[in-house]
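Here's start.txt, which has compact mmCIF, C-alpha atoms and all ligand atoms:
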```txt
# COMPACT_ATOMS: atom_id res chain seq x y z
CA MET A 1 -38.36 10.74 25.74
CA LYS A 2 -38.02 7.05 26.39
CA ILE A 3 -38.01 6.31 30.12
CA ASN A 4 -38.29 2.56 30.15
CA LYS A 5 -38.08 -0.42 27.89
CA ILE A 6 -39.34 -3.90 28.58
CA ARG A 7 -38.86 -6.87 26.27
CA ALA A 8 -40.55 -10.26 26.29
CA ALA A 9 -40.19 -13.04 23.74
CA GLY A 10 -42.37 -16.07 23.22
CA PHE A 11 -43.65 -18.81 20.99
CA ALA A 12 -47.18 -18.14 19.81
CA ALA A 13 -49.45 -21.18 20.00
CA CYS A 14 -49.78 -22.38 16.44
CA LEU A 15 -51.41 -25.40 14.87
CA ALA A 16 -48.84 -25.12 12.10
CA LEU A 17 -46.19 -26.26 14.58
CA LEU A 18 -47.74 -29.71 14.45
CA LEU A 19 -47.69 -29.84 10.68
CA PRO A 20 -44.71 -31.26 8.81
CA GLY A 21 -42.77 -28.76 6.72
CA CYS A 22 -43.83 -25.75 8.78
CA ALA A 23 -40.90 -23.48 9.59
CA SER A 24 -40.75 -23.23 13.38
CA THR A 25 -39.37 -19.68 13.21
CA ALA A 26 -42.77 -18.54 11.91
CA GLU A 27 -44.18 -18.91 15.42
CA LEU A 28 -41.62 -16.70 17.11
CA SER A 29 -42.88 -13.44 18.57
CA GLY A 30 -41.77 -10.71 20.91
CA THR A 31 -43.19 -7.64 22.62
CA ALA A 32 -41.49 -4.40 23.59
CA GLN A 33 -42.85 -1.68 25.84
CA LEU A 34 -41.63 1.89 25.84
CA PHE A 35 -42.73 5.31 26.99
CA ALA A 36 -42.72 7.99 24.29
CA MET A 37 -44.94 10.87 23.10
CA ASP A 38 -46.38 11.09 26.61
CA THR A 39 -47.84 7.60 26.51
CA VAL A 40 -47.08 3.92 27.12
CA MET A 41 -46.48 2.10 23.85
CA LEU A 42 -46.62 -1.63 23.11
CA ILE A 43 -45.08 -3.22 20.04
CA THR A 44 -45.49 -6.90 19.11
CA ALA A 45 -43.73 -8.52 16.17
CA TYR A 46 -44.06 -12.05 14.77
CA GLY A 47 -41.80 -14.30 12.70
CA GLY A 48 -38.16 -15.32 12.60
CA ARG A 49 -37.05 -11.69 12.35
CA TYR A 50 -39.33 -10.41 15.08
CA GLU A 51 -36.41 -9.02 17.07
CA ALA A 52 -35.19 -6.91 14.14
CA GLY A 53 -38.78 -5.77 13.69
CA LEU A 54 -39.01 -4.61 17.30
CA ASP A 55 -35.65 -2.81 17.06
CA ALA A 56 -36.71 -1.02 13.88
CA ALA A 57 -40.08 0.07 15.29
CA GLU A 58 -38.51 1.33 18.52
CA ALA A 59 -35.88 3.29 16.62
CA VAL A 60 -38.55 4.96 14.45
CA ILE A 61 -40.69 5.91 17.44
CA SER A 62 -37.80 7.32 19.51
CA ASP A 63 -36.61 9.36 16.53
CA LEU A 64 -40.08 10.83 15.85
CA ASP A 65 -40.61 11.51 19.55
CA ALA A 66 -37.45 13.65 19.57
CA LYS A 67 -38.46 15.48 16.36
CA PHE A 68 -42.06 16.24 17.36
CA THR A 69 -41.89 16.92 21.11
CA PRO A 70 -42.96 20.49 21.96
CA ASN A 71 -39.74 21.01 23.93
CA GLY A 72 -36.27 19.67 23.31
CA ALA A 73 -33.12 20.69 21.50
CA ALA A 74 -33.61 18.13 18.69
CA SER A 75 -37.27 18.98 18.11
CA ASP A 76 -38.35 20.45 14.76
CA ILE A 77 -41.60 21.60 16.36
CA HIS A 78 -39.70 23.44 19.09
CA ALA A 79 -37.46 25.05 16.46
CA ILE A 80 -40.45 26.18 14.35
CA ASN A 81 -42.27 27.63 17.39
CA GLU A 82 -39.17 29.33 18.79
CA GLY A 83 -38.26 30.68 15.36
CA ALA A 84 -41.77 31.99 14.57
CA GLY A 85 -41.52 34.68 11.93
CA ALA A 86 -38.60 33.04 10.11
CA SER A 87 -37.89 29.82 8.21
CA VAL A 88 -36.07 27.05 10.05
CA PRO A 89 -34.55 23.84 8.66
CA VAL A 90 -36.69 20.75 9.38
CA SER A 91 -36.55 17.01 8.71
CA GLU A 92 -38.34 15.12 5.95
CA ASP A 93 -40.64 13.59 8.58
CA THR A 94 -41.81 17.04 9.65
CA LEU A 95 -42.42 18.01 6.02
CA ASN A 96 -44.39 14.78 5.53
CA VAL A 97 -46.59 15.52 8.55
CA LEU A 98 -47.09 19.16 7.49
CA SER A 99 -48.16 17.96 4.06
CA ALA A 100 -50.62 15.44 5.55
CA ALA A 101 -51.86 18.09 8.01
CA SER A 102 -52.52 20.48 5.15
CA GLU A 103 -54.60 17.83 3.35
CA TRP A 104 -56.74 17.07 6.44
CA TYR A 105 -57.05 20.75 7.38
CA ARG A 106 -58.57 21.44 3.96
CA SER A 107 -60.64 18.28 3.80
CA SER A 108 -62.12 18.86 7.28
CA ASN A 109 -62.81 22.53 6.56
CA GLY A 110 -60.44 23.59 9.35
CA ALA A 111 -61.73 21.24 12.08
CA PHE A 112 -58.30 19.57 12.11
CA ASP A 113 -55.80 22.37 12.71
CA PRO A 114 -52.36 21.83 14.31
CA THR A 115 -52.02 25.61 14.76
CA THR A 116 -54.42 25.39 17.73
CA TYR A 117 -51.29 25.27 19.92
CA PRO A 118 -51.64 28.89 21.23
CA LEU A 119 -55.18 27.94 22.33
CA THR A 120 -53.96 24.73 23.99
CA ARG A 121 -51.47 26.87 25.92
CA LEU A 122 -54.03 29.58 26.73
CA TRP A 123 -56.34 26.98 28.28
CA GLY A 124 -53.33 25.56 30.11
CA PHE A 125 -53.66 22.03 28.73
CA ASP A 126 -49.87 21.86 28.61
CA THR A 127 -49.65 22.68 32.34
CA ASP A 128 -50.82 21.25 35.67
CA ASN A 129 -53.09 24.28 36.15
CA PRO A 130 -55.54 24.51 33.25
CA GLY A 131 -58.45 26.94 33.46
CA VAL A 132 -60.99 28.96 31.48
CA PRO A 133 -59.33 32.07 29.97
CA SER A 134 -60.90 35.53 29.65
CA ALA A 135 -62.98 36.27 26.54
CA ASP A 136 -60.52 39.02 25.56
CA ARG A 137 -57.49 36.77 25.64
CA LEU A 138 -59.43 34.09 23.78
CA SER A 139 -60.40 36.38 20.90
CA GLU A 140 -56.85 37.81 20.78
CA THR A 141 -55.35 34.29 20.61
CA LEU A 142 -57.83 33.18 17.94
CA LYS A 143 -56.30 35.76 15.59
CA HIS A 144 -53.15 33.61 15.57
CA VAL A 145 -54.77 30.33 14.56
CA GLY A 146 -55.12 28.96 11.03
CA PHE A 147 -53.03 26.38 9.21
CA SER A 148 -53.11 28.31 5.93
CA ALA A 149 -50.53 30.67 7.48
CA VAL A 150 -47.96 27.83 7.74
CA SER A 151 -45.25 27.69 5.03
CA TYR A 152 -43.14 24.63 4.31
CA GLY A 153 -41.03 23.03 1.57
CA ASP A 154 -37.40 22.68 0.43
CA GLY A 155 -36.26 21.44 3.83
CA GLU A 156 -37.70 24.42 5.72
CA ALA A 157 -40.86 25.44 7.56
CA SER A 158 -42.16 28.61 9.18
CA ILE A 159 -45.13 30.07 11.03
CA PRO A 160 -45.94 33.77 11.55
CA GLU A 161 -45.08 35.42 14.87
CA GLY A 162 -47.66 34.69 17.56
CA TYR A 163 -48.59 31.35 15.94
CA GLY A 164 -47.72 27.91 17.31
CA LEU A 165 -47.62 24.37 15.93
CA ASP A 166 -48.47 21.12 17.71
CA PHE A 167 -48.51 17.65 16.15
CA GLY A 168 -50.39 16.13 19.13
CA ALA A 169 -53.35 15.12 16.95
CA ILE A 170 -51.34 13.39 14.21
CA ALA A 171 -47.85 12.46 15.51
CA LYS A 172 -48.81 9.09 16.99
CA GLY A 173 -50.65 8.13 13.81
CA TYR A 174 -47.65 9.03 11.66
CA ALA A 175 -45.42 7.13 14.12
CA SER A 176 -47.58 3.99 13.99
CA GLU A 177 -47.63 4.07 10.20
CA LYS A 178 -43.86 4.49 9.95
CA ALA A 179 -43.17 1.92 12.72
CA VAL A 180 -45.30 -0.71 10.99
CA ARG A 181 -43.50 -0.05 7.69
CA ALA A 182 -40.14 -0.36 9.48
CA MET A 183 -41.15 -3.69 11.05
CA ARG A 184 -42.19 -5.04 7.70
CA ASP A 185 -38.96 -3.79 6.04
CA ALA A 186 -36.93 -5.41 8.83
CA GLY A 187 -38.43 -8.77 7.90
CA ALA A 188 -41.11 -9.33 10.55
CA ASP A 189 -43.99 -11.43 9.21
CA ALA A 190 -46.68 -9.56 11.13
CA GLY A 191 -46.92 -7.01 13.90
CA ILE A 192 -49.02 -4.56 15.85
CA VAL A 193 -48.20 -1.27 17.57
CA SER A 194 -50.39 0.28 20.23
CA LEU A 195 -49.40 3.89 20.92
CA GLY A 196 -51.87 5.21 23.48
CA GLY A 197 -55.20 5.36 21.63
CA ASN A 198 -53.51 4.57 18.30
CA VAL A 199 -53.32 0.98 17.03
CA GLU A 200 -51.91 -0.21 13.70
CA ALA A 201 -51.31 -3.77 12.50
CA PHE A 202 -49.95 -5.58 9.44
CA GLY A 203 -49.58 -9.15 8.23
CA THR A 204 -51.23 -12.35 9.41
CA LYS A 205 -50.78 -13.69 12.93
CA PRO A 206 -49.42 -17.27 13.19
CA ASP A 207 -52.85 -18.59 14.18
CA GLY A 208 -54.47 -16.82 11.22
CA SER A 209 -56.93 -14.90 13.41
CA LEU A 210 -57.90 -11.29 12.79
CA TRP A 211 -56.40 -8.50 14.91
CA SER A 212 -58.74 -7.57 17.71
CA VAL A 213 -58.84 -3.96 18.92
CA ALA A 214 -60.97 -2.92 21.89
CA VAL A 215 -62.94 0.34 21.77
CA GLN A 216 -62.56 1.88 25.23
CA ASP A 217 -65.58 2.76 27.37
CA PRO A 218 -65.25 6.58 27.74
CA VAL A 219 -67.10 6.53 31.10
CA ASP A 220 -65.57 3.43 32.69
CA THR A 221 -62.15 3.62 31.05
CA GLY A 222 -61.03 0.29 32.50
CA SER A 223 -63.71 -1.35 30.37
CA TYR A 224 -64.65 -1.33 26.70
CA VAL A 225 -67.84 -0.98 24.66
CA GLY A 226 -66.84 -3.53 22.05
CA LYS A 227 -64.12 -5.04 19.93
CA LEU A 228 -63.24 -4.51 16.30
CA PHE A 229 -61.77 -7.39 14.30
CA ILE A 230 -59.62 -6.17 11.43
CA PRO A 231 -57.30 -7.84 8.88
CA GLY A 232 -54.76 -4.99 9.31
CA GLY A 233 -54.64 -1.19 9.18
CA ALA A 234 -55.23 1.45 11.82
CA VAL A 235 -57.76 2.02 14.61
CA VAL A 236 -57.45 5.41 16.30
CA THR A 237 -59.61 7.00 19.00
CA SER A 238 -60.03 10.65 20.01
CA GLY A 239 -61.99 11.17 23.21
CA ASN A 240 -63.02 13.80 25.72
CA TYR A 241 -61.82 11.54 28.57
CA GLN A 242 -58.17 11.33 27.47
CA ARG A 243 -57.18 14.72 28.90
CA TYR A 244 -59.52 17.27 30.51
CA PHE A 245 -60.19 19.51 33.51
CA THR A 246 -63.42 20.38 35.28
CA GLN A 247 -64.34 23.93 36.32
CA ASN A 248 -67.68 24.93 37.91
CA GLY A 249 -69.03 21.49 37.06
CA VAL A 250 -68.17 21.76 33.35
CA ARG A 251 -65.72 19.36 31.71
CA TYR A 252 -63.27 20.98 29.30
CA CYS A 253 -61.44 18.46 27.08
CA HIS A 254 -58.12 18.82 25.28
CA ILE A 255 -59.56 18.86 21.75
CA ILE A 256 -60.26 22.43 20.69
CA ASP A 257 -62.71 23.72 18.12
CA PRO A 258 -60.50 26.01 16.00
CA GLY A 259 -63.59 28.00 15.00
CA THR A 260 -64.51 29.11 18.52
CA GLY A 261 -61.29 28.55 20.48
CA TYR A 262 -63.27 26.51 23.03
CA PRO A 263 -62.71 22.88 23.98
CA VAL A 264 -65.19 20.72 22.08
CA ARG A 265 -68.52 20.12 23.88
CA ASN A 266 -70.92 18.65 21.37
CA GLY A 267 -72.34 15.52 22.97
CA LEU A 268 -69.58 13.22 21.72
CA LEU A 269 -67.50 11.16 24.14
CA SER A 270 -65.26 9.57 21.52
CA VAL A 271 -64.70 8.95 17.83
CA THR A 272 -62.81 5.85 16.67
CA ILE A 273 -61.62 5.74 13.06
CA VAL A 274 -60.78 2.53 11.18
CA CYS A 275 -58.82 2.90 7.93
CA GLU A 276 -55.73 1.80 6.03
CA ASN A 277 -53.11 3.92 7.79
CA GLY A 278 -52.42 5.67 11.08
CA THR A 279 -51.78 9.21 9.85
CA LYS A 280 -55.17 9.49 8.18
CA ALA A 281 -56.94 7.74 11.09
CA ASP A 282 -55.34 10.07 13.66
CA ALA A 283 -56.14 13.26 11.75
CA LEU A 284 -59.71 12.12 11.05
CA SER A 285 -60.43 11.04 14.63
CA THR A 286 -59.61 14.54 15.86
CA ALA A 287 -61.38 16.31 12.98
CA LEU A 288 -64.58 14.27 13.27
CA PHE A 289 -64.63 14.66 17.04
CA VAL A 290 -64.69 18.44 16.45
CA MET A 291 -67.47 18.10 13.84
CA GLY A 292 -69.87 16.32 16.20
CA GLU A 293 -72.15 13.39 15.44
CA GLY A 294 -74.11 14.99 12.59
CA GLY A 295 -71.03 16.52 10.98
CA ALA A 296 -69.02 13.31 11.31
CA LEU A 297 -71.74 11.17 9.71
CA ARG A 298 -72.15 13.71 6.92
CA TYR A 299 -68.38 13.73 6.31
CA TYR A 300 -68.44 9.91 6.28
CA ARG A 301 -71.22 9.79 3.69
CA ASP A 302 -69.65 12.52 1.53
CA ASN A 303 -66.06 11.25 1.58
CA GLY A 304 -65.93 7.56 2.57
CA GLY A 305 -62.60 5.76 2.65
CA PHE A 306 -62.82 4.96 6.37
CA GLU A 307 -65.17 3.50 8.98
CA MET A 308 -65.95 4.67 12.50
CA VAL A 309 -67.45 4.04 15.92
CA ILE A 310 -68.97 7.12 17.59
CA ILE A 311 -69.90 7.17 21.29
CA THR A 312 -72.32 9.84 22.52
CA ASP A 313 -73.06 11.23 25.98
CA ASP A 314 -76.65 9.93 25.78
CA GLY A 315 -75.33 6.38 25.81
CA ARG A 316 -75.28 5.44 22.13
CA VAL A 317 -72.55 3.56 20.26
CA VAL A 318 -72.94 4.25 16.53
CA VAL A 319 -71.11 1.83 14.21
CA THR A 320 -70.80 2.57 10.46
CA PRO A 321 -71.80 -0.09 7.87
CA GLY A 322 -68.29 -1.12 6.76
CA VAL A 323 -67.36 -2.39 10.25
CA SER A 324 -70.78 -3.37 11.63
CA GLY A 325 -70.03 -7.02 10.79
CA SER A 326 -66.57 -6.81 12.40
CA PHE A 327 -67.76 -5.29 15.68
CA GLU A 328 -68.54 -7.35 18.78
CA GLU A 329 -70.63 -5.56 21.42
CA SER A 330 -69.47 -6.02 24.99
CA GLY A 331 -70.41 -2.97 27.06
CA GLU A 332 -73.19 -2.61 29.59
CA GLY A 333 -75.64 0.28 29.60
CA TRP A 334 -74.98 1.27 25.99
CA THR A 335 -77.42 1.29 23.07
CA TYR A 336 -75.86 0.10 19.82
CA ALA A 337 -76.92 1.65 16.51
CA TYR A 338 -75.97 0.52 12.99
CA PRO A 339 -77.09 3.21 10.54
CA ASP A 340 -77.43 2.36 6.84
CA ALA A 341 -74.84 3.54 4.35
CA GLN A 342 -77.11 6.32 3.04
P1 LIG B 1 -56.10 13.55 19.42
O1 LIG B 1 -56.03 12.87 20.73
O2 LIG B 1 -55.40 12.82 18.30
O3 LIG B 1 -57.49 13.91 19.02
O4 LIG B 1 -55.26 14.90 19.51
C1 LIG B 1 -55.57 15.89 20.48
C2 LIG B 1 -54.38 16.81 20.65
O5 LIG B 1 -54.15 17.54 19.45
C3 LIG B 1 -54.58 17.84 21.75
O6 LIG B 1 -54.06 17.38 22.98
C4 LIG B 1 -53.82 19.05 21.20
O7 LIG B 1 -52.43 18.88 21.44
C5 LIG B 1 -54.04 18.94 19.71
N1 LIG B 1 -55.29 19.55 19.23
C6 LIG B 1 -56.34 20.04 19.97
N2 LIG B 1 -57.34 20.44 19.17
C7 LIG B 1 -56.93 20.20 17.89
C8 LIG B 1 -57.53 20.40 16.60
N3 LIG B 1 -58.77 20.90 16.45
N4 LIG B 1 -56.80 20.04 15.51
C9 LIG B 1 -55.55 19.53 15.62
N5 LIG B 1 -54.93 19.34 16.80
C10 LIG B 1 -55.63 19.65 17.93
MG MG B 2 -55.82 12.57 16.26
```

Representation of the structure as C-alpha cells:
Amino acid sequence: MKINKIRAAGFAACLALLLPGCASTAELSGTAQLFAMDTVMLITAYGGRYEAGLDAAEAVISDLDAKFTPNGAASDIHAINEGAGASVPVSEDTLNVLSAASEWYRSSNGAFDPTTYPLTRLWGFDTDNPGVPSADRLSETLKHVGFSAVSYGDGEASIPEGYGLDFGAIAKGYASEKAVRAMRDAGADAGIVSLGGNVEAFGTKPDGSLWSVAVQDPVDTGSYVGKLFIPGGAVVTSGNYQRYFTQNGVRYCHIIDPGTGYPVRNGLLSVTIVCENGTKADALSTALFVMGEGGALRYYRDNGGFEMVIITDDGRVVVTPGVSGSFEESGEGWTYAYPDAQ
C-alpha cells in the first residue's frame, strides 16, 4: 500500500548542455519516492519524457503491490492462500512470477521456495512476536512445504490445503524489472529504481557515467563495503540483517532453509547478485544465501550468467571475476577476496 509520494525534478549537470545542437530536454530528470511492498522505493528517470517514465513506474509498482501483498482484497496471493485446496483466478503477473519461481526452485534444487510461507508464519516473522517453535510443530509444518505441489496455468493457480505462498523473495525483483520496462516504454531515456535491497537501471545517464550501486555493510548498515559500477541491469541483495530476531543470544533471520525449516545460519551475512534482470537477481540472491558460501560459489561456477558479492561473518567480502574490475572497495575492517573463475 502506498502511504506517501514525493516528487522532485531537476536538470542533471551535463557537458552536452554546452555543446551546440544538444537537445536540452535530454538533461531533464526527476525522482519519485513511494512506500510499497513494505519498503521505501526511489525511482529516477532521465530525458524529456522523464515524468511519463515516473508515472509508468509508479503505476506498475502500486499494481504489483496490490496483487502480491499477503493480505488485501485485490491480492492474488491472498486469494490463493485463502482458497487453498481449490483453483482461484489470478492475473498474468502472478502466473509470470509462478513460472519464474518454478524455474529457480528447480535450478536451485529447492533452496528458493516461495511455499516456505507456513514456516515464515510458524516462526512469527510476519508478526511483532517472532520466536523459536517446537520441534513437533516444525516437522508438522515442513510436510506442507514444496513448490512442486503448486499448480498454475490458464488464468488459475492453486496450492494444497495447509500450504501457503509468499512472493517476498521475488516480488521486488519482478517489480523492478517491469517498472524499468514501463519507464523505457513511456519514453524515458534512462532510469533507475531502488526498491529496498533491489536496484535495477537502464539506459545511459546524461553525463555518460556508469550506474553506481553501493553494497551495504551488513554489520554497520549505515555504511557500505564497496560500490559496483554497472552499465545497466539489476543488483539485488539478500541479507541476514534485513529482518531477524534474537533469542537466547542466537540471531534468527527471515530467510528460511526449506530443507530444515530453520532460518539460515551458515556464516553468510549477505549475498548480492548482479545480472541482467531483477526477477532472476532476486530469486538467486535468496537461493544462494540459503546455499552458503561453498554452495553459492559452486552454483556460480556450474551455471554462470550472473556475478556476485558474498559477505561472510568472518569479515570477508568475496567478489566474483566478472565484477571484480567494476567493484570499488570502501569498507573498514573487511578482507577483500577475488577468486579466479575456476
Ligand atoms: P529476500 O530478501 O529476497 O531474500 O526474500 C526473503 C523473503 O522471502 C522472506 O522474508 C520470506 O518472506 C521469503 N522467504 C524466506 N525463505 C525463503 C526461501 N528459502 N525461498 C523463497 N522465499 C523465502
Ligand atoms: Mg530475493

> Which polymer residues have any atom within 12 Å of an atom of Thr204 in chain A, counting all atoms listed in the file, with same-chain residues fewer than 4 positions away left out, as JSON, numbers by chain?
Replying inline: {"A": [26, 27, 45, 46, 47, 184, 188, 189, 190, 191, 192, 208, 209, 210, 211, 230, 231, 232, 233]}

> Pick the closest to ligand MG 2 (chain B) from A:Arg137, A:Arg251, A:Lys172, A:Arg181: which is it, counting only C-alpha atoms and all ligand atoms?
Replying inline: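 Once distances to ligand MG 2 (chain B) are computed over only C-alpha atoms and all ligand atoms, the minimum belongs to A:Lys172.
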
List every residue of chain A that has an atom at most 8 Å from any atom of ligand LIG 1 (chain B), and for each one report the closest atom pair and its distance in Å to one decimal, counting all atoms listed in the file, with rows sorted by chain and then by increasing residue number, as a Markdown table.
```
| residue | atom | partner | partner_atom | distance |
| --- | --- | --- | --- | --- |
| A:Gly110 | CA | B:LIG1 | N3 | 7.8 |
| A:Ala111 | CA | B:LIG1 | N3 | 5.3 |
| A:Phe112 | CA | B:LIG1 | N4 | 3.7 |
| A:Asp113 | CA | B:LIG1 | N4 | 3.8 |
| A:Pro114 | CA | B:LIG1 | C9 | 4.1 |
| A:Thr115 | CA | B:LIG1 | C9 | 7.1 |
| A:Thr116 | CA | B:LIG1 | C7 | 5.8 |
| A:Tyr117 | CA | B:LIG1 | O7 | 6.7 |
| A:Thr120 | CA | B:LIG1 | C4 | 6.3 |
| A:Phe125 | CA | B:LIG1 | O6 | 7.4 |
| A:Asp166 | CA | B:LIG1 | O7 | 5.9 |
| A:Phe167 | CA | B:LIG1 | O5 | 6.5 |
| A:Gly168 | CA | B:LIG1 | O5 | 4.0 |
| A:Ala169 | CA | B:LIG1 | O4 | 3.2 |
| A:Ile170 | CA | B:LIG1 | O2 | 5.8 |
| A:Lys172 | CA | B:LIG1 | O2 | 7.7 |
| A:Gly197 | CA | B:LIG1 | O1 | 7.6 |
| A:Val236 | CA | B:LIG1 | O2 | 7.9 |
| A:Thr237 | CA | B:LIG1 | O1 | 7.1 |
| A:Ser238 | CA | B:LIG1 | O3 | 4.2 |
| A:Gly239 | CA | B:LIG1 | O1 | 6.7 |
| A:Gln242 | CA | B:LIG1 | O1 | 7.2 |
| A:Arg243 | CA | B:LIG1 | O6 | 7.2 |
| A:His254 | CA | B:LIG1 | O6 | 4.9 |
| A:Ile255 | CA | B:LIG1 | N2 | 3.8 |
| A:Ile256 | CA | B:LIG1 | N2 | 3.8 |
| A:Asp257 | CA | B:LIG1 | N3 | 5.1 |
| A:Pro258 | CA | B:LIG1 | N3 | 5.4 |
| A:Pro263 | CA | B:LIG1 | N2 | 7.6 |
| A:Asp282 | CA | B:LIG1 | O2 | 5.4 |
| A:Ala283 | CA | B:LIG1 | O2 | 6.6 |
| A:Ser285 | CA | B:LIG1 | O3 | 6.0 |
| A:Thr286 | CA | B:LIG1 | O3 | 3.9 |
| A:Ala287 | CA | B:LIG1 | N3 | 6.3 |
| A:Phe289 | CA | B:LIG1 | O3 | 7.4 |
| A:Val290 | CA | B:LIG1 | N3 | 6.4 |
```

Could those selected residues go to a file with C-alpha atoms, as a tab-separated table (two decimals), in the coordinates of the input?
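Contents of again.tsv, freshly written:
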```tsv
chain	number	residue	atom	x	y	z
A	110	GLY	CA	-60.44	23.59	9.35
A	111	ALA	CA	-61.73	21.24	12.08
A	112	PHE	CA	-58.30	19.57	12.11
A	113	ASP	CA	-55.80	22.37	12.71
A	114	PRO	CA	-52.36	21.83	14.31
A	115	THR	CA	-52.02	25.61	14.76
A	116	THR	CA	-54.42	25.39	17.73
A	117	TYR	CA	-51.29	25.27	19.92
A	120	THR	CA	-53.96	24.73	23.99
A	125	PHE	CA	-53.66	22.03	28.73
A	166	ASP	CA	-48.47	21.12	17.71
A	167	PHE	CA	-48.51	17.65	16.15
A	168	GLY	CA	-50.39	16.13	19.13
A	169	ALA	CA	-53.35	15.12	16.95
A	170	ILE	CA	-51.34	13.39	14.21
A	172	LYS	CA	-48.81	9.09	16.99
A	197	GLY	CA	-55.20	5.36	21.63
A	236	VAL	CA	-57.45	5.41	16.30
A	237	THR	CA	-59.61	7.00	19.00
A	238	SER	CA	-60.03	10.65	20.01
A	239	GLY	CA	-61.99	11.17	23.21
A	242	GLN	CA	-58.17	11.33	27.47
A	243	ARG	CA	-57.18	14.72	28.90
A	254	HIS	CA	-58.12	18.82	25.28
A	255	ILE	CA	-59.56	18.86	21.75
A	256	ILE	CA	-60.26	22.43	20.69
A	257	ASP	CA	-62.71	23.72	18.12
A	258	PRO	CA	-60.50	26.01	16.00
A	263	PRO	CA	-62.71	22.88	23.98
A	282	ASP	CA	-55.34	10.07	13.66
A	283	ALA	CA	-56.14	13.26	11.75
A	285	SER	CA	-60.43	11.04	14.63
A	286	THR	CA	-59.61	14.54	15.86
A	287	ALA	CA	-61.38	16.31	12.98
A	289	PHE	CA	-64.63	14.66	17.04
A	290	VAL	CA	-64.69	18.44	16.45
```

>> If I take CA of Glu156 in chain A and CA of Val90 in chain A, how far is one from the other in Å, to one decimal?
In response: 5.3 Å

>> What does the structure give for the distance between CA of Met37 in chain A and CA of Tyr262 in chain A, in Å to one decimal?
In response: 24.1 Å

> For ligand MG 2 (chain B), which of A:Gly196, A:Gly331, A:Gly203, A:Gly187 is the closest residue, counting all atoms listed in the file?
Replying inline: A:Gly196

> At most 10 Å from (-41.9, 21.3, 20.0), file frame, all atoms listed in the file: which residues, as a ChimeraX atom specification?
Replying inline: /A:65-82,164-168

>> For a quick check of understanding, using only C-alpha atoms, which of A:Ala9, A:Leu297, A:Leu228, A:Leu28 has the smallest distance to Arg49 in chain A?
In response: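 With only C-alpha atoms as the atom set, the closest residue is A:Leu28.
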
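Closest approach to ligand MG 2 (chain B) among A:Gln33, A:Thr279, A:Gln247, A:Ser326: A:Thr279, based on all atoms listed in the file.
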
> So, counting only C-alpha atoms, which residue among A:Ser108, A:Leu119, A:Gly305, A:Ala57 is closest to Gly131 in chain A?
Replying inline: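 Ranked by minimum distance to Gly131 in chain A, first place goes to A:Leu119.
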
> With distances taken over all atoms listed in the file, which of A:Pro218, A:Gly162, A:Gly278, A:Gly295 is nearest to ligand MG 2 (chain B)?
Replying inline: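 When distances to ligand MG 2 (chain B) are compared using all atoms listed in the file, the smallest one comes from A:Gly278.
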